[in-house]
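What follows is the content of data-v6.txt (compact mmCIF, C-alpha atoms).
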# COMPACT_ATOMS: atom_id res chain seq x y z
CA MET P 12 3.91 -4.22 39.22
CA THR P 13 2.36 -6.06 36.29
CA GLY P 14 1.60 -4.59 32.90
CA PRO P 15 -2.16 -4.30 33.60
CA GLU P 16 -1.41 -2.72 37.00
CA LEU P 17 0.84 -0.15 35.34
CA ILE P 18 -1.83 0.61 32.75
CA GLU P 19 -4.48 1.05 35.45
CA LYS P 20 -2.30 3.09 37.83
CA MET P 21 -1.25 5.57 35.15
CA GLY P 22 -4.73 5.89 33.71
CA LEU P 23 -3.70 4.39 30.39
CA ASP P 24 -6.76 2.17 30.18
CA ASP P 25 -8.94 5.08 29.06
CA LEU P 26 -6.70 7.13 26.82
CA ASP P 27 -9.53 8.38 24.64
CA SER P 28 -11.16 10.10 27.61
CA ALA P 29 -7.80 11.43 28.73
CA GLY P 30 -7.31 13.07 25.37
CA ARG P 31 -10.61 14.90 25.65
CA GLU P 32 -10.07 15.97 29.25
CA ARG P 33 -7.54 18.80 28.90
CA SER P 34 -5.05 20.21 26.42
CA ASP P 35 -3.12 22.85 28.36
CA PRO P 36 0.72 22.70 28.37
CA GLU P 37 0.94 21.61 32.01
CA TRP P 38 -1.37 18.66 31.33
CA LEU P 39 0.54 17.64 28.21
CA ASP P 40 3.89 17.88 30.00
CA ARG P 41 2.53 15.53 32.64
CA TRP P 42 1.69 13.02 29.94
CA ASP P 43 5.18 13.33 28.45
CA ARG P 44 6.65 12.50 31.87
CA ASP P 45 4.28 9.57 32.28
CA TRP P 46 5.35 8.06 28.97
CA VAL P 47 8.97 8.29 30.10
CA LYS P 48 7.94 6.31 33.20
CA VAL P 49 6.29 3.72 30.96
CA ARG P 50 9.54 3.27 29.09
CA GLU P 51 11.53 2.97 32.31
CA TRP P 52 9.13 0.35 33.65
CA CYS P 53 9.35 -1.68 30.44
CA VAL P 54 13.16 -1.57 30.42
CA ASN P 55 13.35 -2.61 34.08
CA HIS P 56 10.85 -5.41 33.56
CA HIS P 57 12.87 -6.64 30.60
CA LEU P 58 16.04 -6.72 32.71
CA MET P 59 14.45 -8.37 35.75
CA HIS P 60 11.92 -10.81 34.26
CA ASP P 61 11.62 -13.28 31.39
CA ASP P 62 7.87 -12.83 31.05
CA VAL P 63 7.22 -10.67 27.97
CA GLU P 64 3.42 -10.73 28.19
CA PRO P 65 3.16 -7.51 30.27
CA LEU P 66 5.39 -5.77 27.74
CA ARG P 67 3.16 -6.90 24.91
CA ARG P 68 0.13 -5.57 26.76
CA VAL P 69 1.74 -2.14 26.90
CA HIS P 70 2.82 -2.37 23.27
CA ASP P 71 -0.68 -3.38 22.13
CA LEU P 72 -2.12 -0.42 24.01
CA LEU P 73 0.27 1.94 22.26
CA ARG P 74 -0.51 0.49 18.84
CA ARG P 75 -4.24 0.82 19.46
CA HIS P 76 -4.15 4.48 20.43
CA VAL P 77 -1.25 6.08 18.60
CA PRO P 78 -2.55 7.02 15.14
CA PHE P 79 -0.95 6.05 11.86
CA GLU P 80 -0.37 8.26 8.85
CA TRP P 81 0.37 7.81 5.17
CA VAL P 82 3.90 8.79 4.20
CA GLU P 83 4.49 9.49 0.54
CA ASN P 84 7.31 10.12 -1.88
CA GLY P 85 6.45 10.35 -5.54
CA ALA P 86 4.28 7.35 -6.39
CA GLU P 87 5.35 5.43 -3.27
CA ARG P 88 3.02 5.36 -0.30
CA GLN P 89 3.06 3.44 2.97
CA LEU P 90 1.37 3.49 6.36
CA ALA P 91 3.55 4.41 9.36
CA VAL P 92 3.23 5.40 13.00
CA VAL P 93 2.50 9.12 13.16
CA HIS P 94 5.50 11.35 13.79
CA PRO P 95 5.55 12.55 17.43
CA ASP P 96 5.27 16.17 16.28
CA ARG P 97 1.97 15.34 14.56
CA ALA P 98 0.55 13.09 17.28
CA PRO P 99 -2.17 14.32 19.65
CA GLY P 100 -0.44 16.18 22.48
CA TYR P 101 -1.12 13.61 25.19
CA LEU P 102 0.20 10.83 22.89
CA ARG P 103 3.45 12.53 21.87
CA GLY P 104 5.46 10.43 24.30
CA ALA P 105 3.70 7.25 23.18
CA ALA P 106 4.60 7.99 19.55
CA VAL P 107 8.21 8.57 20.62
CA LEU P 108 8.23 5.09 22.16
CA LEU P 109 6.97 3.46 18.96
CA HIS P 110 9.71 5.25 17.01
CA ASP P 111 12.33 4.06 19.53
CA ASP P 112 13.97 0.98 17.97
CA GLU P 113 15.50 -0.09 21.28
CA PHE P 114 12.14 0.07 23.06
CA VAL P 115 10.39 -1.85 20.27
CA ALA P 116 13.16 -4.48 20.31
CA ILE P 117 12.68 -4.95 24.06
CA ILE P 118 9.01 -5.73 23.50
CA GLU P 119 9.11 -7.59 20.21
CA GLY P 120 12.42 -9.32 20.84
CA GLU P 121 15.41 -9.45 18.57
CA PRO P 122 14.55 -9.42 14.87
CA PRO P 123 15.00 -12.68 12.97
CA SER P 124 18.40 -13.35 11.46
CA GLU P 125 19.09 -12.28 7.89
CA SER P 126 19.09 -15.95 6.92
CA GLU P 127 15.59 -16.36 8.37
CA GLN P 128 14.43 -13.15 6.72
CA TRP P 129 15.78 -14.38 3.39
CA HIS P 130 13.77 -17.60 3.60
CA VAL P 131 10.59 -15.63 4.31
CA LEU P 132 11.30 -13.13 1.55
CA LYS P 133 12.22 -15.85 -0.94
CA ALA P 134 8.93 -17.66 -0.29
CA GLU P 135 6.95 -14.44 -0.76
CA VAL P 136 8.78 -13.54 -3.98
CA THR P 137 8.41 -17.08 -5.36
CA LYS P 138 4.67 -16.94 -4.72
CA GLU P 139 4.39 -13.53 -6.36
CA LEU P 140 6.36 -14.64 -9.42
CA ALA P 141 4.04 -17.63 -9.81
CA GLU P 142 1.06 -15.25 -9.76
CA PHE P 143 2.72 -13.10 -12.43
CA LEU P 144 3.17 -16.16 -14.63
CA ARG P 145 -0.52 -17.02 -14.28
CA SER P 146 -1.71 -13.50 -15.06
CA ALA P 147 -2.26 -11.95 -18.47
CA GLU P 148 0.39 -9.83 -20.13
CA VAL P 149 -0.03 -6.11 -19.48
CA THR P 150 2.14 -4.75 -22.30
CA GLU P 151 2.66 -5.39 -25.99
CA GLY P 152 5.88 -5.98 -27.90
CA ASP P 153 8.80 -8.38 -27.91
CA PRO P 154 7.97 -11.35 -25.64
CA ARG P 155 11.56 -11.39 -24.36
CA LEU P 156 10.75 -8.18 -22.48
CA SER P 157 7.32 -9.24 -21.25
CA LEU P 158 5.96 -9.70 -17.73
CA HIS P 159 6.12 -13.48 -18.11
CA ALA P 160 9.70 -13.38 -19.38
CA HIS P 161 10.93 -11.30 -16.45
CA ALA P 162 9.00 -13.38 -13.92
CA SER P 163 10.27 -16.64 -15.40
CA THR P 164 13.88 -15.43 -15.43
CA ALA P 165 13.64 -14.26 -11.82
CA ALA P 166 12.20 -17.62 -10.74
CA ASP P 167 15.01 -19.45 -12.55
CA TYR P 168 17.65 -17.34 -10.77
CA LEU P 169 16.11 -18.12 -7.38
CA LYS P 170 16.18 -21.85 -8.14
CA GLN P 171 19.77 -21.62 -9.37
CA MET P 172 20.84 -19.81 -6.21
CA GLU P 173 19.30 -22.53 -4.06
CA LEU P 174 20.91 -25.30 -6.09
CA SER P 175 24.34 -23.65 -6.10
CA ALA P 176 24.25 -23.00 -2.36
CA HIS P 177 23.65 -26.67 -1.59
CA LEU P 178 26.27 -27.78 -4.10
CA TYR P 179 28.87 -25.62 -2.36
CA ALA P 180 27.77 -26.75 1.10
CA ASN P 181 27.93 -30.42 0.14
CA GLN P 182 31.63 -30.02 -0.56
CA LEU P 183 32.15 -29.82 3.21
CA ASP P 184 32.25 -32.97 5.32
CA ASN P 185 31.18 -31.48 8.63
CA GLU P 186 27.44 -30.82 9.03
CA GLU P 187 28.07 -27.82 11.25
CA ASP P 188 30.32 -26.31 8.59
CA ARG P 189 27.66 -26.94 5.93
CA ASP P 190 25.02 -25.19 8.02
CA TRP P 191 27.38 -22.28 8.61
CA LEU P 192 28.10 -21.90 4.90
CA LEU P 193 24.41 -22.10 3.97
CA GLU P 194 23.61 -19.41 6.52
CA CYS P 195 26.37 -17.19 5.12
CA LEU P 196 25.08 -17.68 1.59
CA ASP P 197 21.55 -16.86 2.76
CA GLU P 198 22.84 -13.60 4.23
CA PHE P 199 24.63 -12.75 0.98
CA ALA P 200 21.51 -13.56 -1.04
CA TYR P 201 19.33 -11.41 1.23
CA ALA P 202 21.70 -8.45 0.99
CA ALA P 203 22.09 -8.82 -2.78
CA PHE P 204 18.33 -9.04 -3.29
CA LEU P 205 17.68 -5.90 -1.23
CA ALA P 206 20.49 -4.07 -3.01
CA GLY P 207 18.93 -4.95 -6.36
CA TYR P 208 15.47 -3.99 -5.16
CA HIS P 209 16.54 -0.56 -3.92
CA ALA P 210 18.73 0.05 -6.97
CA ARG P 211 15.73 -0.67 -9.19
CA ALA P 212 13.52 1.52 -7.01
CA ALA P 213 16.05 4.35 -7.39
CA GLN P 214 15.94 3.94 -11.18
CA VAL P 215 12.14 4.03 -11.18
CA LYS P 216 12.26 7.25 -9.13
CA LEU P 217 13.61 8.99 -12.22
CA LEU P 218 10.45 7.94 -14.09
CA GLU P 219 7.96 8.70 -11.33
CA PRO P 220 7.46 12.39 -12.26
CA HIS P 221 6.39 11.26 -15.74
CA ILE P 222 4.19 8.49 -14.32
CA ILE P 223 2.49 10.88 -11.91
CA ARG P 224 2.04 13.48 -14.65
CA GLY P 225 0.54 10.83 -16.94
CA MET P 226 -1.84 9.69 -14.21
CA LYS P 227 -2.98 13.29 -13.69
CA VAL P 228 -3.58 13.69 -17.44
CA VAL P 229 -5.63 10.48 -17.55
CA ARG P 230 -7.70 11.49 -14.51
CA ALA P 231 -8.27 14.97 -15.96
CA ALA P 232 -9.34 13.48 -19.30
CA GLN P 233 -11.72 11.10 -17.55
CA ALA P 234 -13.20 13.94 -15.50
CA SER P 235 -13.52 16.12 -18.60
CA GLY P 236 -15.18 13.31 -20.52
CA GLN P 237 -17.65 12.75 -17.72
CA GLN P 238 -18.46 16.46 -17.57
CA LEU P 239 -18.92 16.56 -21.34
CA LYS P 240 -21.15 13.52 -21.20
CA THR P 241 -23.22 15.13 -18.45
CA LYS P 242 -23.57 18.34 -20.43
CA ARG P 243 -24.45 16.58 -23.69
CA THR P 244 -26.96 14.10 -22.32
CA PRO P 245 -29.99 16.45 -22.31
CA THR P 246 -29.18 17.65 -25.85
CA THR P 247 -28.66 14.09 -27.07
CA THR P 248 -31.96 13.02 -25.57
CA ALA P 249 -33.76 15.92 -27.25
CA VAL P 250 -32.27 15.04 -30.67
CA LEU P 251 -33.30 11.41 -30.34
CA LYS P 252 -36.81 12.36 -29.27
CA GLU P 253 -37.19 14.67 -32.27
CA ILE P 254 -35.95 12.00 -34.69
CA GLU P 255 -38.26 9.43 -33.13
CA LYS P 256 -41.22 11.83 -33.43
CA LEU P 257 -40.47 12.35 -37.12
CA ARG P 258 -40.11 8.61 -37.65
CA ASN P 259 -43.52 8.10 -36.06
CA GLU P 260 -44.89 10.61 -38.55
CA GLY P 261 -43.76 8.31 -41.35
CA LYS P 262 -40.43 9.92 -42.27
CA ASN P 263 -37.58 7.61 -43.24
CA ILE P 264 -34.34 7.87 -41.27
CA SER P 265 -32.61 10.16 -43.78
CA ALA P 266 -35.51 12.59 -43.84
CA ALA P 267 -36.03 12.45 -40.08
CA THR P 268 -32.39 13.18 -39.24
CA ARG P 269 -32.24 15.98 -41.85
CA LEU P 270 -35.46 17.63 -40.68
CA ALA P 271 -34.35 17.35 -37.05
CA TYR P 272 -31.15 19.21 -37.91
CA GLN P 273 -33.09 21.86 -39.83
CA ARG P 274 -35.25 22.41 -36.75
CA GLY P 275 -32.16 23.03 -34.61
CA TYR P 276 -31.53 19.56 -33.25
CA GLY P 277 -27.97 18.21 -33.53
CA SER P 278 -24.81 19.51 -35.19
CA SER P 279 -25.57 18.06 -38.64
CA ALA P 280 -27.88 15.63 -40.41
CA ASP P 281 -25.04 13.13 -40.71
CA ALA P 282 -24.24 13.43 -36.99
CA ASN P 283 -27.91 12.88 -36.20
CA ARG P 284 -27.97 9.77 -38.35
CA ARG P 285 -24.90 8.32 -36.62
CA LEU P 286 -26.40 9.17 -33.24
CA TRP P 287 -29.63 7.40 -34.13
CA TYR P 288 -27.95 4.24 -35.37
CA ASP P 289 -25.67 4.16 -32.35
CA HIS P 290 -28.68 4.57 -30.09
CA ARG P 291 -30.53 1.74 -31.84
CA ARG P 292 -27.49 -0.53 -31.67
CA LYS P 293 -27.19 -0.01 -27.91
CA LYS P 294 -30.87 -0.81 -27.43
CA LEU P 295 -30.41 -4.09 -29.29
Could you quickly redo this structure as structure tokens?
Amino acid sequence: MTGPELIEKMGLDDLDSAGRERSDPEWLDRWDRDWVKVREWCVNHHLMHDDVEPLRRVHDLLRRHVPFEWVENGAERQLAVVHPDRAPGYLRGAAVLLHDDEFVAIIEGEPPSESEQWHVLKAEVTKELAEFLRSAEVTEGDPRLSLHAHASTAADYLKQMELSAHLYANQLDNEEDRDWLLECLDEFAYAAFLAGYHARAAQVKLLEPHIIRGMKVVRAAQASGQQLKTKRTPTTTAVLKEIEKLRNEGKNISAATRLAYQRGYGSSADANRRLWYDHRRKKL
């Protein structure tokens, strides 16, 4: 049986309709059993055939229909396959499959080696550091602690690691031995980089409560300012109209702002004068 045949036979080609059809326990249990059969078919196909296309068809179907959810911790947030307990009932088994590392490995193949992953990661980090160096500084203070300084130092370390690795490898006469050593050094570099990354992330976790609290304060202040602006706008407009009316009657600005205040417009004559000049400056 091919992947498309399996999808058609089990009614997986119209999962959206299946989800709307029924929701009773017996129906959902049937779906759980069907997803177990899907896994068994994929495992057997993997053992008996080299063709991975049918497996990818099944995997693509799962990825299209199983929802994703945001998972959060402090200020960190990432998108992940929904937990089976939170998946729609008829897709519980499908979510289980996408959380099954062995099943995913069967479909996607073995993950790249750590050496290969290091080369990809190094290229991404190098590109990001270059972008940091082109961007403007985001903080003030001693330049030795600036964004550019940290980015430049990190880039220098990456270059030094690459240079040192090849210097060590070139001490060996056999090409196979050189390749082996370079691969080992790549694995060490990858592990060291991830260790540093997660150690730094752990340190930042201690600051996240303060960061989140600060963000809440800023958002609250912005919301309060907007509310205040909304409340004050009609009053401000009325003050300006009264001053303008007095100006049209021939009053100078001092007299107009003072009379407006005396008639109940504005908090003081001086405040009215500042408001008027600010209004005129914005119009210019």
Using all atoms listed in the file, which protein or nucleic acid residues come within 9 Å of Leu108 in chain P? Drop anything in the same chain fewer than 3 positions from it, and give the result as a CSV table (one decimal) with C-alpha atoms, in the frame of the given file.
chain,number,residue,atom,x,y,z
P,46,TRP,CA,5.4,8.1,29.0
P,47,VAL,CA,9.0,8.3,30.1
P,50,ARG,CA,9.5,3.3,29.1
P,73,LEU,CA,0.3,1.9,22.3
P,103,ARG,CA,3.4,12.5,21.9
P,104,GLY,CA,5.5,10.4,24.3
P,105,ALA,CA,3.7,7.2,23.2
P,111,ASP,CA,12.3,4.1,19.5
P,112,ASP,CA,14.0,1.0,18.0
P,113,GLU,CA,15.5,-0.1,21.3
P,114,PHE,CA,12.1,0.1,23.1
P,115,VAL,CA,10.4,-1.8,20.3
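Closest approach to Leu169 in chain P among P:Ala206, P:Ala200, P:Val92, P:Val131: P:Ala200, based on only C-alpha atoms.
The coordinates place CA of His57 in chain P at 27.3 Å from CA of Leu39 in chain P.
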Quiz item: Which residues, written as a ChimeraX atom specification, have at least one atom at most 12 Å from Ser126 in chain P, with all atoms listed in the file counted and residues fewer than 4 positions away on the same chain left out?
Solution: /P:122,130-133,190-202
Practice problem: Give me, please, the distance in Å between CA of Ala162 in chain P and CA of Leu140 in chain P, quoted to one decimal. | Solution: 5.4 Å
Quiz item: Out of P:Ala203, P:Ala267, P:Ile223, P:Ala210, which residue has the shortest atom-to-atom distance to Gly85 in chain P when counting all atoms listed in the file?
Solution: P:Ile223
Quiz item: Which is closer to Trp42 in chain P than all the others in P:Leu109, P:Arg67, P:Ser157, P:Gly100, using only C-alpha atoms?
Solution: P:Gly100
Reconstruct N, CA and C atoms of range 95-116 of chain P from the incomplete input and present them as an mmCIF file, keeping the file's coordinate frame.
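Resulting contents of result.cif:
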data_model
loop_
_atom_site.group_PDB
_atom_site.id
_atom_site.type_symbol
_atom_site.label_atom_id
_atom_site.label_comp_id
_atom_site.auth_asym_id
_atom_site.auth_seq_id
_atom_site.Cartn_x
_atom_site.Cartn_y
_atom_site.Cartn_z
ATOM 1 N N PRO P 95 5.926 11.950 16.138
ATOM 2 C CA PRO P 95 5.550 12.550 17.430
ATOM 3 C C PRO P 95 5.078 13.995 17.324
ATOM 4 N N ASP P 96 5.663 14.764 16.418
ATOM 5 C CA ASP P 96 5.270 16.170 16.280
ATOM 6 C C ASP P 96 3.841 16.320 15.760
ATOM 7 N N ARG P 97 3.323 15.269 15.111
ATOM 8 C CA ARG P 97 1.970 15.340 14.560
ATOM 9 C C ARG P 97 0.967 14.502 15.348
ATOM 10 N N ALA P 98 1.437 13.900 16.434
ATOM 11 C CA ALA P 98 0.550 13.090 17.280
ATOM 12 C C ALA P 98 -0.264 14.004 18.191
ATOM 13 N N PRO P 99 -1.441 13.549 18.632
ATOM 14 C CA PRO P 99 -2.170 14.320 19.650
ATOM 15 C C PRO P 99 -1.256 14.583 20.841
ATOM 16 N N GLY P 100 -1.379 15.762 21.438
ATOM 17 C CA GLY P 100 -0.440 16.180 22.480
ATOM 18 C C GLY P 100 -0.197 15.151 23.566
ATOM 19 N N TYR P 101 -1.272 14.545 24.078
ATOM 20 C CA TYR P 101 -1.120 13.610 25.190
ATOM 21 C C TYR P 101 -0.501 12.273 24.739
ATOM 22 N N LEU P 102 -0.395 12.070 23.404
ATOM 23 C CA LEU P 102 0.200 10.830 22.890
ATOM 24 C C LEU P 102 1.577 11.056 22.267
ATOM 25 N N ARG P 103 2.124 12.262 22.433
ATOM 26 C CA ARG P 103 3.450 12.530 21.870
ATOM 27 C C ARG P 103 4.477 11.527 22.381
ATOM 28 N N GLY P 104 4.488 11.346 23.703
ATOM 29 C CA GLY P 104 5.460 10.430 24.300
ATOM 30 C C GLY P 104 5.249 8.996 23.856
ATOM 31 N N ALA P 105 3.990 8.611 23.640
ATOM 32 C CA ALA P 105 3.700 7.250 23.180
ATOM 33 C C ALA P 105 4.236 7.055 21.762
ATOM 34 N N ALA P 106 4.071 8.078 20.915
ATOM 35 C CA ALA P 106 4.600 7.990 19.550
ATOM 36 C C ALA P 106 6.119 7.908 19.563
ATOM 37 N N VAL P 107 6.743 8.644 20.487
ATOM 38 C CA VAL P 107 8.210 8.570 20.620
ATOM 39 C C VAL P 107 8.630 7.141 20.929
ATOM 40 N N LEU P 108 7.888 6.467 21.803
ATOM 41 C CA LEU P 108 8.230 5.090 22.160
ATOM 42 C C LEU P 108 8.151 4.167 20.943
ATOM 43 N N LEU P 109 7.122 4.340 20.120
ATOM 44 C CA LEU P 109 6.970 3.460 18.960
ATOM 45 C C LEU P 109 7.993 3.766 17.869
ATOM 46 N N HIS P 110 8.626 4.927 17.943
ATOM 47 C CA HIS P 110 9.710 5.250 17.010
ATOM 48 C C HIS P 110 11.079 4.896 17.605
ATOM 49 N N ASP P 111 11.089 4.405 18.836
ATOM 50 C CA ASP P 111 12.330 4.060 19.530
ATOM 51 C C ASP P 111 12.660 2.591 19.232
ATOM 52 N N ASP P 112 13.641 2.351 18.377
ATOM 53 C CA ASP P 112 13.970 0.980 17.970
ATOM 54 C C ASP P 112 14.363 0.110 19.156
ATOM 55 N N GLU P 113 15.073 0.684 20.110
ATOM 56 C CA GLU P 113 15.500 -0.090 21.280
ATOM 57 C C GLU P 113 14.290 -0.526 22.106
ATOM 58 N N PHE P 114 13.349 0.388 22.296
ATOM 59 C CA PHE P 114 12.140 0.070 23.060
ATOM 60 C C PHE P 114 11.328 -1.017 22.345
ATOM 61 N N VAL P 115 11.159 -0.868 21.037
ATOM 62 C CA VAL P 115 10.390 -1.850 20.270
ATOM 63 C C VAL P 115 11.085 -3.211 20.309
ATOM 64 N N ALA P 116 12.426 -3.217 20.259
ATOM 65 C CA ALA P 116 13.160 -4.480 20.310
ATOM 66 C C ALA P 116 12.985 -5.167 21.657
#
